[in-house]
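Asks: Pasting a structure below so you can have a look.
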Amino acid sequence: MIDPKIQKRVLERYAQRRRASEDELSRRTREVQDKIPEIAAIGKELRTTVLQVARAAFESGTDPKPRIDAVKNRHVELIAKRSELLVQNGYPAEYLNLAPSCKKCSDYGYIDSKPCSCFLEECVKEQGKELSSVLDIKGQNFDNFIGQYYSNNPGDGEGGVSPRQNMESFLDFFQDYAWNFGRHSINMLFYGGPGLGKTFMSSCIAKEVALKGFSVTYDTAINIFGNLEKEKFGENYEELQMQIKRYMLSDLLIIDDLGTELTTSFVCSSFYNLLNTRLIERRQMIISTNLSPKEIAARYTPQIASRLSFEFDRFHFFGKDVRQVMKENRRLRY
Ligand SMILES: [Zn+2]
């Protein structure tokens, strides 16, 4: 689906583009008519030909075709005459025919209520911009993953797997996930301590999935529940409505830092509602949290804990805080 916030923004841009083009055409028309009075007369007659065609089509009794053909021929003649005059006066022949940026949809973005390919492309670009306003996705590429900051010692990891091996297997899996993203994709729960790359990995996935044309919404748990609460308690402005629609309807929703919010009974009921709605409609989610599955069970209702454990695949990020390791490395070098 097209993200409603993005769609609105892009549609506004298309309307602006059409207005700018109309303004430019009026400006050129005035300019040319001042210099070449005959063009003003041609313009006037051209406007009447359009009316004549419409009138002929509705006239009953006689066959309208010969009259329509005659008017059409006159129209072609007038356009040719106008181009000739333009060229004679040093203008390009097409000076008064402004072409739209997209010929398929004439810059309306839609053809018969279906989005035009130009519109979809523009939405994908806009989606990238939108994501980069909330996430630092510029440098966040799977290619920029640096494994050397994770220990290669199985003793630092779990079940004989070193933190680096663990991350490398995640990297492969998440790349595949992003490239093959669709309705069939799984939901994922990233858990583990801070500074282990959970947000980095979600950003990389978000970026790839958005590039494929899916709508992606990223937000922190604090913001999500805060917005749901505002709506529930009567705040109802358009921006808020749109944001909530995105939480519910985006193809992929990333909830970052679950557990940092104040977990009230309102949070539990709206979280359950969000989870349930999205699960029923098969819209994917990635949730990242510093809480362990045990802490999740203790903090939220049994219904939520059960959804999170049965409907989500768990990914445990373990090892030493990468930011800490980077700091230590720097200290050793200098
Ligand atoms: Zn188009």
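Identifiers in the structure tokens: chain A, B, ... in order shown; residue index from 1 per chain; ligand index from 1 in order shown.
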Within 9 Å of ligand 1, which residues show up when you count only C-alpha atoms and all ligand atoms? List them as JSON, numbers by chain, please.

Replies: {"A": [101, 102, 103, 104, 105, 106, 107, 108, 109, 110, 111, 115, 116, 117, 118, 119, 120]}

Asks: Enumerate, as a ChimeraX atom specification, the complete set of residues in range 32-241 of chain A that a backbone-based DSSP assignment places in strand (DSSP E).

Replies: /A:110-111,114-115,187-192,216-220

Asks: Can you tell me which residues surround range 183-189 of chain A at a distance of at most 12 Å, considering only C-alpha atoms, apart from same-chain residues fewer than 5 positions away, and format the answer as a PyMOL selection string?

Replies: chain A and resi 1+170+173-174+176-178+198-199+201-202+205+209+214+250-258+275+278-293+296+305+307-317

Asks: Which residue out of A:Cys204, A:Leu11, A:Ile146, A:Ile36 has the minimum interatomic distance to Met326 in chain A when only C-alpha atoms are used?

Replies: A:Ile146

Asks: Name the residues in contact with Ile6 in chain A at a cut-off of 7 Å, using only C-alpha atoms, excluding same-chain residues fewer than 4 positions from it; report them as a PyMOL selection string.

Replies: chain A and resi 10+123+126-127

Asks: Could those selected residues go to a file with N, CA, C and O atoms, as a PDB file, in the first residue's frame?

Replies:
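The resulting file, out_32.pdb, is shown below:
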```pdb
ATOM      1  N   VAL A  10       3.051  13.716  -1.911  1.00  0.00           N
ATOM      2  CA  VAL A  10       3.388  13.628  -3.330  1.00  0.00           C
ATOM      3  C   VAL A  10       2.249  14.201  -4.188  1.00  0.00           C
ATOM      4  O   VAL A  10       2.498  14.913  -5.166  1.00  0.00           O
ATOM      5  N   CYS A 123       6.915   8.175  -4.829  1.00  0.00           N
ATOM      6  CA  CYS A 123       6.563   7.764  -3.460  1.00  0.00           C
ATOM      7  C   CYS A 123       7.725   7.002  -2.809  1.00  0.00           C
ATOM      8  O   CYS A 123       7.997   7.177  -1.625  1.00  0.00           O
ATOM      9  N   GLU A 126      10.260   9.477  -1.745  1.00  0.00           N
ATOM     10  CA  GLU A 126       9.759  10.231  -0.595  1.00  0.00           C
ATOM     11  C   GLU A 126       9.819   9.383   0.676  1.00  0.00           C
ATOM     12  O   GLU A 126      10.127   9.864   1.754  1.00  0.00           O
ATOM     13  N   GLN A 127       9.548   8.100   0.506  1.00  0.00           N
ATOM     14  CA  GLN A 127       9.580   7.184   1.646  1.00  0.00           C
ATOM     15  C   GLN A 127      10.993   7.117   2.228  1.00  0.00           C
ATOM     16  O   GLN A 127      11.182   7.107   3.438  1.00  0.00           O
TER      17      GLN A 127
END
```

Asks: Give the helix (DSSP H, G or I) residues of range 82-253 of chain A, as DSSP finds them on the backbone, and put them as a tab-separated table (two decimals) with N, CA, C and O atoms, in the first residue's frame.

Replies:
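Output saved as part06.tsv:
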```tsv
chain	number	residue	atom	x	y	z
A	82	ARG	N	-0.34	29.06	-35.85
A	82	ARG	CA	0.24	29.67	-34.66
A	82	ARG	C	1.74	29.34	-34.55
A	82	ARG	O	2.57	30.20	-34.29
A	83	SER	N	2.06	28.05	-34.80
A	83	SER	CA	3.47	27.64	-34.75
A	83	SER	C	4.30	28.44	-35.76
A	83	SER	O	5.42	28.87	-35.46
A	84	GLU	N	3.71	28.62	-36.95
A	84	GLU	CA	4.41	29.35	-38.01
A	84	GLU	C	4.72	30.78	-37.54
A	84	GLU	O	5.86	31.25	-37.67
A	85	LEU	N	3.70	31.43	-36.99
A	85	LEU	CA	3.88	32.80	-36.50
A	85	LEU	C	4.94	32.87	-35.41
A	85	LEU	O	5.76	33.78	-35.36
A	86	LEU	N	4.90	31.85	-34.51
A	86	LEU	CA	5.88	31.83	-33.42
A	86	LEU	C	7.29	31.77	-33.98
A	86	LEU	O	8.17	32.54	-33.58
A	87	VAL	N	7.49	30.84	-34.92
A	87	VAL	CA	8.83	30.67	-35.50
A	87	VAL	C	9.29	31.94	-36.21
A	87	VAL	O	10.42	32.39	-36.04
A	88	GLN	N	8.34	32.53	-36.98
A	88	GLN	CA	8.67	33.78	-37.70
A	88	GLN	C	9.14	34.88	-36.75
A	88	GLN	O	9.94	35.73	-37.10
A	117	SER	N	3.14	4.99	-12.93
A	117	SER	CA	4.47	4.52	-12.52
A	117	SER	C	5.33	5.68	-11.99
A	117	SER	O	6.10	5.51	-11.05
A	118	CYS	N	5.16	6.87	-12.57
A	118	CYS	CA	5.95	8.02	-12.10
A	118	CYS	C	5.59	8.34	-10.66
A	118	CYS	O	6.44	8.71	-9.86
A	119	PHE	N	4.33	8.16	-10.32
A	119	PHE	CA	3.85	8.47	-8.97
A	119	PHE	C	4.44	7.48	-7.96
A	119	PHE	O	4.91	7.86	-6.90
A	120	LEU	N	4.44	6.21	-8.35
A	120	LEU	CA	4.99	5.19	-7.45
A	120	LEU	C	6.48	5.43	-7.20
A	120	LEU	O	6.96	5.32	-6.08
A	121	GLU	N	7.18	5.79	-8.28
A	121	GLU	CA	8.61	6.06	-8.14
A	121	GLU	C	8.86	7.21	-7.17
A	121	GLU	O	9.73	7.15	-6.32
A	122	GLU	N	8.03	8.25	-7.33
A	122	GLU	CA	8.21	9.42	-6.48
A	122	GLU	C	7.88	9.07	-5.01
A	122	GLU	O	8.51	9.59	-4.10
A	123	CYS	N	6.91	8.18	-4.83
A	123	CYS	CA	6.56	7.76	-3.46
A	123	CYS	C	7.73	7.00	-2.81
A	123	CYS	O	8.00	7.18	-1.62
A	124	VAL	N	8.40	6.17	-3.60
A	124	VAL	CA	9.53	5.42	-3.05
A	124	VAL	C	10.63	6.38	-2.60
A	124	VAL	O	11.19	6.25	-1.50
A	125	LYS	N	10.89	7.39	-3.44
A	125	LYS	CA	11.92	8.38	-3.07
A	125	LYS	C	11.52	9.11	-1.80
A	125	LYS	O	12.34	9.33	-0.91
A	126	GLU	N	10.26	9.48	-1.74
A	126	GLU	CA	9.76	10.23	-0.60
A	126	GLU	C	9.82	9.38	0.68
A	126	GLU	O	10.13	9.86	1.75
A	127	GLN	N	9.55	8.10	0.51
A	127	GLN	CA	9.58	7.18	1.65
A	127	GLN	C	10.99	7.12	2.23
A	127	GLN	O	11.18	7.11	3.44
A	128	GLY	N	11.99	7.13	1.33
A	128	GLY	CA	13.39	7.12	1.77
A	128	GLY	C	13.70	8.37	2.59
A	128	GLY	O	14.33	8.31	3.64
A	129	LYS	N	13.20	9.52	2.09
A	129	LYS	CA	13.43	10.78	2.79
A	129	LYS	C	12.76	10.77	4.16
A	129	LYS	O	13.31	11.22	5.15
A	130	GLU	N	11.54	10.25	4.17
A	130	GLU	CA	10.76	10.20	5.41
A	130	GLU	C	11.51	9.36	6.45
A	130	GLU	O	11.65	9.74	7.61
A	131	LEU	N	12.01	8.19	6.02
A	131	LEU	CA	12.73	7.32	6.94
A	131	LEU	C	14.00	7.98	7.44
A	131	LEU	O	14.34	7.89	8.62
A	132	SER	N	14.70	8.70	6.54
A	132	SER	CA	15.96	9.28	6.98
A	132	SER	C	15.73	10.45	7.92
A	132	SER	O	16.64	10.90	8.60
A	133	SER	N	14.48	10.96	7.98
A	133	SER	CA	14.22	12.03	8.94
A	133	SER	C	14.07	11.47	10.36
A	133	SER	O	14.25	12.18	11.32
A	134	VAL	N	13.73	10.19	10.48
A	134	VAL	CA	13.64	9.62	11.83
A	134	VAL	C	14.78	8.65	12.14
A	134	VAL	O	15.07	8.36	13.29
A	142	PHE	N	23.74	-2.78	4.88
A	142	PHE	CA	24.28	-4.07	5.28
A	142	PHE	C	25.79	-4.13	5.01
A	142	PHE	O	26.53	-4.73	5.76
A	143	ASP	N	26.21	-3.44	3.93
A	143	ASP	CA	27.64	-3.46	3.58
A	143	ASP	C	28.51	-2.78	4.63
A	143	ASP	O	29.72	-3.01	4.68
A	144	ASN	N	27.89	-1.88	5.42
A	144	ASN	CA	28.69	-1.16	6.41
A	144	ASN	C	28.80	-1.88	7.74
A	144	ASN	O	29.33	-1.32	8.70
A	147	GLY	N	32.02	-6.47	11.50
A	147	GLY	CA	31.99	-7.62	12.40
A	147	GLY	C	33.10	-7.62	13.43
A	147	GLY	O	32.97	-8.21	14.50
A	148	GLN	N	34.18	-6.89	13.13
A	148	GLN	CA	35.36	-6.98	14.00
A	148	GLN	C	35.12	-6.42	15.41
A	148	GLN	O	35.89	-6.67	16.32
A	149	TYR	N	34.05	-5.63	15.55
A	149	TYR	CA	33.75	-5.10	16.88
A	149	TYR	C	33.07	-6.13	17.78
A	149	TYR	O	32.86	-5.89	18.95
A	154	PRO	N	33.92	-17.94	21.32
A	154	PRO	CA	32.65	-18.58	21.66
A	154	PRO	C	32.33	-18.45	23.15
A	154	PRO	O	31.17	-18.42	23.54
A	155	GLY	N	33.40	-18.32	23.98
A	155	GLY	CA	33.19	-18.16	25.41
A	155	GLY	C	32.43	-16.88	25.77
A	155	GLY	O	31.78	-16.80	26.81
A	156	ASP	N	32.53	-15.85	24.89
A	156	ASP	CA	31.81	-14.59	25.14
A	156	ASP	C	30.37	-14.66	24.65
A	156	ASP	O	29.60	-13.72	24.82
A	163	PRO	N	29.74	-14.01	19.59
A	163	PRO	CA	28.91	-12.87	19.18
A	163	PRO	C	29.08	-12.55	17.69
A	163	PRO	O	28.13	-12.22	17.01
A	164	ARG	N	30.31	-12.68	17.19
A	164	ARG	CA	30.53	-12.35	15.78
A	164	ARG	C	29.83	-13.34	14.84
A	164	ARG	O	29.17	-12.95	13.88
A	165	GLN	N	29.96	-14.63	15.18
A	165	GLN	CA	29.27	-15.64	14.36
A	165	GLN	C	27.75	-15.39	14.37
A	165	GLN	O	27.08	-15.50	13.35
A	166	ASN	N	27.27	-15.05	15.55
A	166	ASN	CA	25.85	-14.79	15.71
A	166	ASN	C	25.41	-13.65	14.80
A	166	ASN	O	24.43	-13.76	14.05
A	167	MET	N	26.17	-12.54	14.84
A	167	MET	CA	25.81	-11.37	14.05
A	167	MET	C	25.93	-11.67	12.56
A	167	MET	O	25.12	-11.20	11.77
A	168	GLU	N	26.95	-12.44	12.19
A	168	GLU	CA	27.12	-12.72	10.77
A	168	GLU	C	25.98	-13.57	10.22
A	168	GLU	O	25.54	-13.38	9.09
A	169	SER	N	25.49	-14.49	11.07
A	169	SER	CA	24.36	-15.28	10.57
A	169	SER	C	23.10	-14.43	10.52
A	169	SER	O	22.29	-14.56	9.60
A	170	PHE	N	22.95	-13.47	11.45
A	170	PHE	CA	21.82	-12.54	11.38
A	170	PHE	C	21.90	-11.71	10.11
A	170	PHE	O	20.90	-11.49	9.43
A	171	LEU	N	23.11	-11.23	9.82
A	171	LEU	CA	23.30	-10.37	8.66
A	171	LEU	C	22.80	-11.06	7.39
A	171	LEU	O	22.04	-10.48	6.61
A	172	ASP	N	23.20	-12.33	7.21
A	172	ASP	CA	22.75	-13.08	6.03
A	172	ASP	C	21.23	-13.20	6.02
A	172	ASP	O	20.58	-12.98	5.01
A	173	PHE	N	20.69	-13.54	7.17
A	173	PHE	CA	19.26	-13.77	7.24
A	173	PHE	C	18.48	-12.47	6.97
A	173	PHE	O	17.51	-12.47	6.20
A	174	PHE	N	18.93	-11.35	7.55
A	174	PHE	CA	18.20	-10.09	7.39
A	174	PHE	C	18.28	-9.57	5.96
A	174	PHE	O	17.35	-8.96	5.46
A	175	GLN	N	19.43	-9.81	5.33
A	175	GLN	CA	19.54	-9.39	3.93
A	175	GLN	C	18.51	-10.13	3.08
A	175	GLN	O	17.81	-9.52	2.28
A	176	ASP	N	18.44	-11.43	3.27
A	176	ASP	CA	17.45	-12.23	2.54
A	176	ASP	C	16.05	-11.76	2.85
A	176	ASP	O	15.20	-11.65	1.97
A	177	TYR	N	15.82	-11.49	4.12
A	177	TYR	CA	14.50	-11.04	4.57
A	177	TYR	C	14.10	-9.77	3.82
A	177	TYR	O	13.00	-9.66	3.28
A	178	ALA	N	15.01	-8.80	3.80
A	178	ALA	CA	14.71	-7.50	3.17
A	178	ALA	C	14.50	-7.67	1.66
A	178	ALA	O	13.57	-7.10	1.10
A	179	TRP	N	15.33	-8.46	1.03
A	179	TRP	CA	15.23	-8.62	-0.42
A	179	TRP	C	13.97	-9.36	-0.84
A	179	TRP	O	13.44	-9.15	-1.91
A	198	LYS	N	20.89	-3.63	17.20
A	198	LYS	CA	19.49	-3.91	16.88
A	198	LYS	C	18.89	-2.81	15.99
A	198	LYS	O	18.24	-3.09	15.00
A	199	THR	N	19.15	-1.55	16.38
A	199	THR	CA	18.60	-0.45	15.59
A	199	THR	C	19.30	-0.38	14.22
A	199	THR	O	18.66	-0.12	13.20
A	200	PHE	N	20.59	-0.65	14.22
A	200	PHE	CA	21.33	-0.67	12.94
A	200	PHE	C	20.69	-1.68	11.99
A	200	PHE	O	20.40	-1.36	10.83
A	201	MET	N	20.46	-2.90	12.47
A	201	MET	CA	19.90	-3.93	11.60
A	201	MET	C	18.48	-3.55	11.16
A	201	MET	O	18.12	-3.74	10.00
A	202	SER	N	17.67	-2.99	12.08
A	202	SER	CA	16.31	-2.60	11.64
A	202	SER	C	16.36	-1.50	10.60
A	202	SER	O	15.56	-1.49	9.67
A	203	SER	N	17.31	-0.56	10.75
A	203	SER	CA	17.40	0.51	9.75
A	203	SER	C	17.78	-0.03	8.38
A	203	SER	O	17.24	0.40	7.37
A	204	CYS	N	18.72	-0.98	8.38
A	204	CYS	CA	19.14	-1.56	7.09
A	204	CYS	C	17.96	-2.25	6.42
A	204	CYS	O	17.74	-2.10	5.21
A	205	ILE	N	17.20	-2.99	7.21
A	205	ILE	CA	16.04	-3.69	6.65
A	205	ILE	C	15.01	-2.66	6.15
A	205	ILE	O	14.50	-2.77	5.04
A	206	ALA	N	14.75	-1.63	7.00
A	206	ALA	CA	13.76	-0.60	6.64
A	206	ALA	C	14.11	0.01	5.29
A	206	ALA	O	13.27	0.17	4.42
A	207	LYS	N	15.39	0.33	5.13
A	207	LYS	CA	15.83	1.01	3.92
A	207	LYS	C	15.60	0.13	2.68
A	207	LYS	O	15.04	0.57	1.69
A	208	GLU	N	16.05	-1.14	2.77
A	208	GLU	CA	15.90	-2.05	1.63
A	208	GLU	C	14.43	-2.28	1.28
A	208	GLU	O	14.05	-2.30	0.12
A	209	VAL	N	13.62	-2.49	2.32
A	209	VAL	CA	12.20	-2.79	2.09
A	209	VAL	C	11.50	-1.58	1.47
A	209	VAL	O	10.69	-1.71	0.55
A	210	ALA	N	11.86	-0.38	1.95
A	210	ALA	CA	11.25	0.84	1.40
A	210	ALA	C	11.65	1.03	-0.06
A	210	ALA	O	10.85	1.44	-0.89
A	211	LEU	N	12.92	0.69	-0.38
A	211	LEU	CA	13.39	0.83	-1.76
A	211	LEU	C	12.62	-0.08	-2.71
A	211	LEU	O	12.52	0.18	-3.90
A	221	ALA	N	8.76	2.99	20.77
A	221	ALA	CA	7.57	2.58	21.53
A	221	ALA	C	6.99	3.78	22.27
A	221	ALA	O	5.77	3.97	22.32
A	222	ILE	N	7.87	4.62	22.81
A	222	ILE	CA	7.39	5.80	23.56
A	222	ILE	C	6.51	6.68	22.67
A	222	ILE	O	5.42	7.08	23.05
A	223	ASN	N	6.98	6.95	21.45
A	223	ASN	CA	6.18	7.78	20.53
A	223	ASN	C	4.88	7.10	20.14
A	223	ASN	O	3.83	7.72	20.07
A	224	ILE	N	4.97	5.80	19.82
A	224	ILE	CA	3.77	5.10	19.35
A	224	ILE	C	2.68	5.14	20.42
A	224	ILE	O	1.55	5.55	20.15
A	225	PHE	N	3.03	4.73	21.64
A	225	PHE	CA	2.00	4.69	22.67
A	225	PHE	C	1.57	6.11	23.06
A	225	PHE	O	0.40	6.33	23.38
A	226	GLY	N	2.52	7.04	23.00
A	226	GLY	CA	2.17	8.43	23.29
A	226	GLY	C	1.12	8.94	22.30
A	226	GLY	O	0.13	9.56	22.68
A	227	ASN	N	1.32	8.64	21.02
A	227	ASN	CA	0.38	9.10	20.01
A	227	ASN	C	-0.98	8.42	20.14
A	227	ASN	O	-2.02	9.04	19.99
A	228	LEU	N	-0.95	7.11	20.43
A	228	LEU	CA	-2.22	6.39	20.60
A	228	LEU	C	-3.00	6.96	21.78
A	228	LEU	O	-4.23	7.08	21.75
A	229	GLU	N	-2.27	7.35	22.81
A	229	GLU	CA	-2.91	7.89	23.99
A	229	GLU	C	-3.53	9.27	23.70
A	229	GLU	O	-4.65	9.54	24.11
A	230	LYS	N	-2.77	10.09	22.98
A	230	LYS	CA	-3.29	11.42	22.63
A	230	LYS	C	-4.61	11.29	21.89
A	230	LYS	O	-5.55	12.02	22.12
A	231	GLU	N	-4.65	10.34	20.96
A	231	GLU	CA	-5.86	10.17	20.16
A	231	GLU	C	-7.02	9.71	21.04
A	231	GLU	O	-8.12	10.22	20.96
A	232	LYS	N	-6.69	8.77	21.90
A	232	LYS	CA	-7.73	8.21	22.78
A	232	LYS	C	-8.32	9.30	23.66
A	232	LYS	O	-9.51	9.30	23.96
A	238	GLU	N	-5.16	16.27	12.14
A	238	GLU	CA	-4.93	15.44	10.95
A	238	GLU	C	-3.60	14.69	10.98
A	238	GLU	O	-3.52	13.50	10.67
A	239	GLU	N	-2.55	15.41	11.42
A	239	GLU	CA	-1.21	14.81	11.46
A	239	GLU	C	-1.20	13.55	12.34
A	239	GLU	O	-0.62	12.52	11.98
A	240	LEU	N	-1.87	13.64	13.48
A	240	LEU	CA	-1.93	12.52	14.42
A	240	LEU	C	-2.70	11.34	13.83
A	240	LEU	O	-2.27	10.19	13.90
A	241	GLN	N	-3.84	11.66	13.23
A	241	GLN	CA	-4.66	10.62	12.59
A	241	GLN	C	-3.83	9.85	11.56
A	241	GLN	O	-3.88	8.63	11.48
A	242	MET	N	-3.07	10.63	10.79
A	242	MET	CA	-2.29	10.04	9.72
A	242	MET	C	-1.21	9.12	10.30
A	242	MET	O	-0.98	8.03	9.81
A	243	GLN	N	-0.58	9.59	11.38
A	243	GLN	CA	0.49	8.80	11.99
A	243	GLN	C	-0.08	7.47	12.51
A	243	GLN	O	0.53	6.42	12.34
A	244	ILE	N	-1.25	7.51	13.09
A	244	ILE	CA	-1.85	6.29	13.64
A	244	ILE	C	-2.24	5.33	12.52
A	244	ILE	O	-2.04	4.12	12.62
A	245	LYS	N	-2.73	5.91	11.44
A	245	LYS	CA	-3.05	5.09	10.28
A	245	LYS	C	-1.79	4.35	9.80
A	245	LYS	O	-1.84	3.20	9.41
A	246	ARG	N	-0.66	5.06	9.86
A	246	ARG	CA	0.59	4.44	9.42
A	246	ARG	C	0.98	3.29	10.34
A	246	ARG	O	1.47	2.27	9.89
A	247	TYR	N	0.79	3.48	11.66
A	247	TYR	CA	1.11	2.38	12.58
A	247	TYR	C	0.28	1.15	12.25
A	247	TYR	O	0.74	0.03	12.31
A	248	MET	N	-0.96	1.38	11.89
A	248	MET	CA	-1.86	0.26	11.66
A	248	MET	C	-1.65	-0.37	10.28
A	248	MET	O	-1.76	-1.58	10.12
A	249	LEU	N	-1.39	0.47	9.26
A	249	LEU	CA	-1.50	-0.02	7.89
A	249	LEU	C	-0.19	-0.18	7.11
A	249	LEU	O	-0.19	-0.81	6.06
```

Asks: Can you tell me, as a CSV table (one decimal) with N, CA, C and O atoms, in the first residue's frame, what residues are no more than 7 Å from Phe318 in chain A when counting only C-alpha atoms, ignoring any on the same chain fewer than 4 positions away?

Replies:
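Wrote it out as part33.csv, contents follow:
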```csv
chain,number,residue,atom,x,y,z
A,157,GLY,N,30.1,-15.8,24.0
A,157,GLY,CA,28.7,-15.9,23.4
A,157,GLY,C,27.8,-16.8,24.1
A,157,GLY,O,27.8,-16.9,25.3
A,163,PRO,N,29.7,-14.0,19.6
A,163,PRO,CA,28.9,-12.9,19.2
A,163,PRO,C,29.1,-12.5,17.7
A,163,PRO,O,28.1,-12.2,17.0
A,192,GLY,N,18.1,-8.1,23.4
A,192,GLY,CA,19.4,-8.1,23.9
A,192,GLY,C,19.8,-6.8,24.4
A,192,GLY,O,19.1,-5.8,24.3
A,193,GLY,N,21.0,-6.7,25.0
A,193,GLY,CA,21.5,-5.4,25.6
A,193,GLY,C,21.6,-4.3,24.7
A,193,GLY,O,21.5,-4.5,23.4
A,196,LEU,N,24.2,-3.3,20.6
A,196,LEU,CA,24.6,-4.6,19.9
A,196,LEU,C,24.1,-4.6,18.5
A,196,LEU,O,24.2,-5.6,17.8
```

Asks: For a quick check of understanding, using only C-alpha atoms, which of A:Val325, A:Ala99, A:Leu135, A:Glu158 has the smallest distance to Arg18 in chain A?

Replies: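 Of the candidates, the smallest distance to Arg18 in chain A is held by A:Ala99.
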
Asks: Skipping near chain neighbours, those fewer than 3 positions away, what residues fall within 8 Å of Leu46 in chain A using only C-alpha atoms, listed as a list in words?

Replies: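 That gives Ile42, Gly43, Thr49, Val50, His75 and Leu78 of chain A.
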
Asks: Write a file of the just-selected residues containing all heavy atoms, as a tab-separated table (two decimals), in the first residue's frame.

Replies:
```tsv
chain	number	residue	atom	x	y	z
A	42	ILE	N	-5.98	33.97	-32.86
A	42	ILE	CA	-5.97	32.52	-33.03
A	42	ILE	C	-6.39	31.84	-31.73
A	42	ILE	O	-7.20	30.92	-31.71
A	42	ILE	CB	-4.57	32.02	-33.49
A	42	ILE	CG1	-4.31	32.46	-34.93
A	42	ILE	CG2	-4.47	30.50	-33.38
A	42	ILE	CD1	-2.94	32.11	-35.46
A	43	GLY	N	-5.87	32.35	-30.63
A	43	GLY	CA	-6.20	31.79	-29.32
A	43	GLY	C	-7.69	31.84	-29.06
A	43	GLY	O	-8.29	30.89	-28.58
A	49	THR	N	-13.37	26.57	-30.95
A	49	THR	CA	-13.44	25.25	-31.61
A	49	THR	C	-13.74	24.16	-30.58
A	49	THR	O	-14.49	23.23	-30.87
A	49	THR	CB	-12.13	24.87	-32.36
A	49	THR	OG1	-11.06	24.92	-31.42
A	49	THR	CG2	-11.86	25.75	-33.54
A	50	VAL	N	-13.17	24.29	-29.41
A	50	VAL	CA	-13.41	23.27	-28.37
A	50	VAL	C	-14.91	23.24	-28.04
A	50	VAL	O	-15.53	22.17	-27.95
A	50	VAL	CB	-12.59	23.59	-27.10
A	50	VAL	CG1	-12.89	22.58	-26.00
A	50	VAL	CG2	-11.10	23.58	-27.43
A	75	HIS	N	-9.06	23.30	-36.25
A	75	HIS	CA	-8.24	23.35	-35.05
A	75	HIS	C	-6.76	23.06	-35.40
A	75	HIS	O	-5.86	23.81	-35.01
A	75	HIS	CB	-8.76	22.29	-34.05
A	75	HIS	CG	-8.13	22.38	-32.70
A	75	HIS	ND1	-8.64	23.16	-31.70
A	75	HIS	CD2	-7.02	21.79	-32.18
A	75	HIS	CE1	-7.89	23.05	-30.61
A	75	HIS	NE2	-6.90	22.22	-30.89
A	78	LEU	N	-5.29	25.96	-37.25
A	78	LEU	CA	-4.98	27.09	-36.38
A	78	LEU	C	-3.68	26.87	-35.61
A	78	LEU	O	-2.86	27.77	-35.49
A	78	LEU	CB	-6.13	27.33	-35.39
A	78	LEU	CG	-7.41	27.94	-35.97
A	78	LEU	CD1	-8.55	27.85	-34.96
A	78	LEU	CD2	-7.17	29.40	-36.37
```

Asks: Go through A:Ser26, A:Gly213, A:Asn180, A:Asp136 one by one, measure the shortest atom-to-atom distance of each to Asp3 in chain A using only C-alpha atoms, and give the residue with the smallest value.

Replies: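 The closest residue to Asp3 in chain A is A:Gly213.
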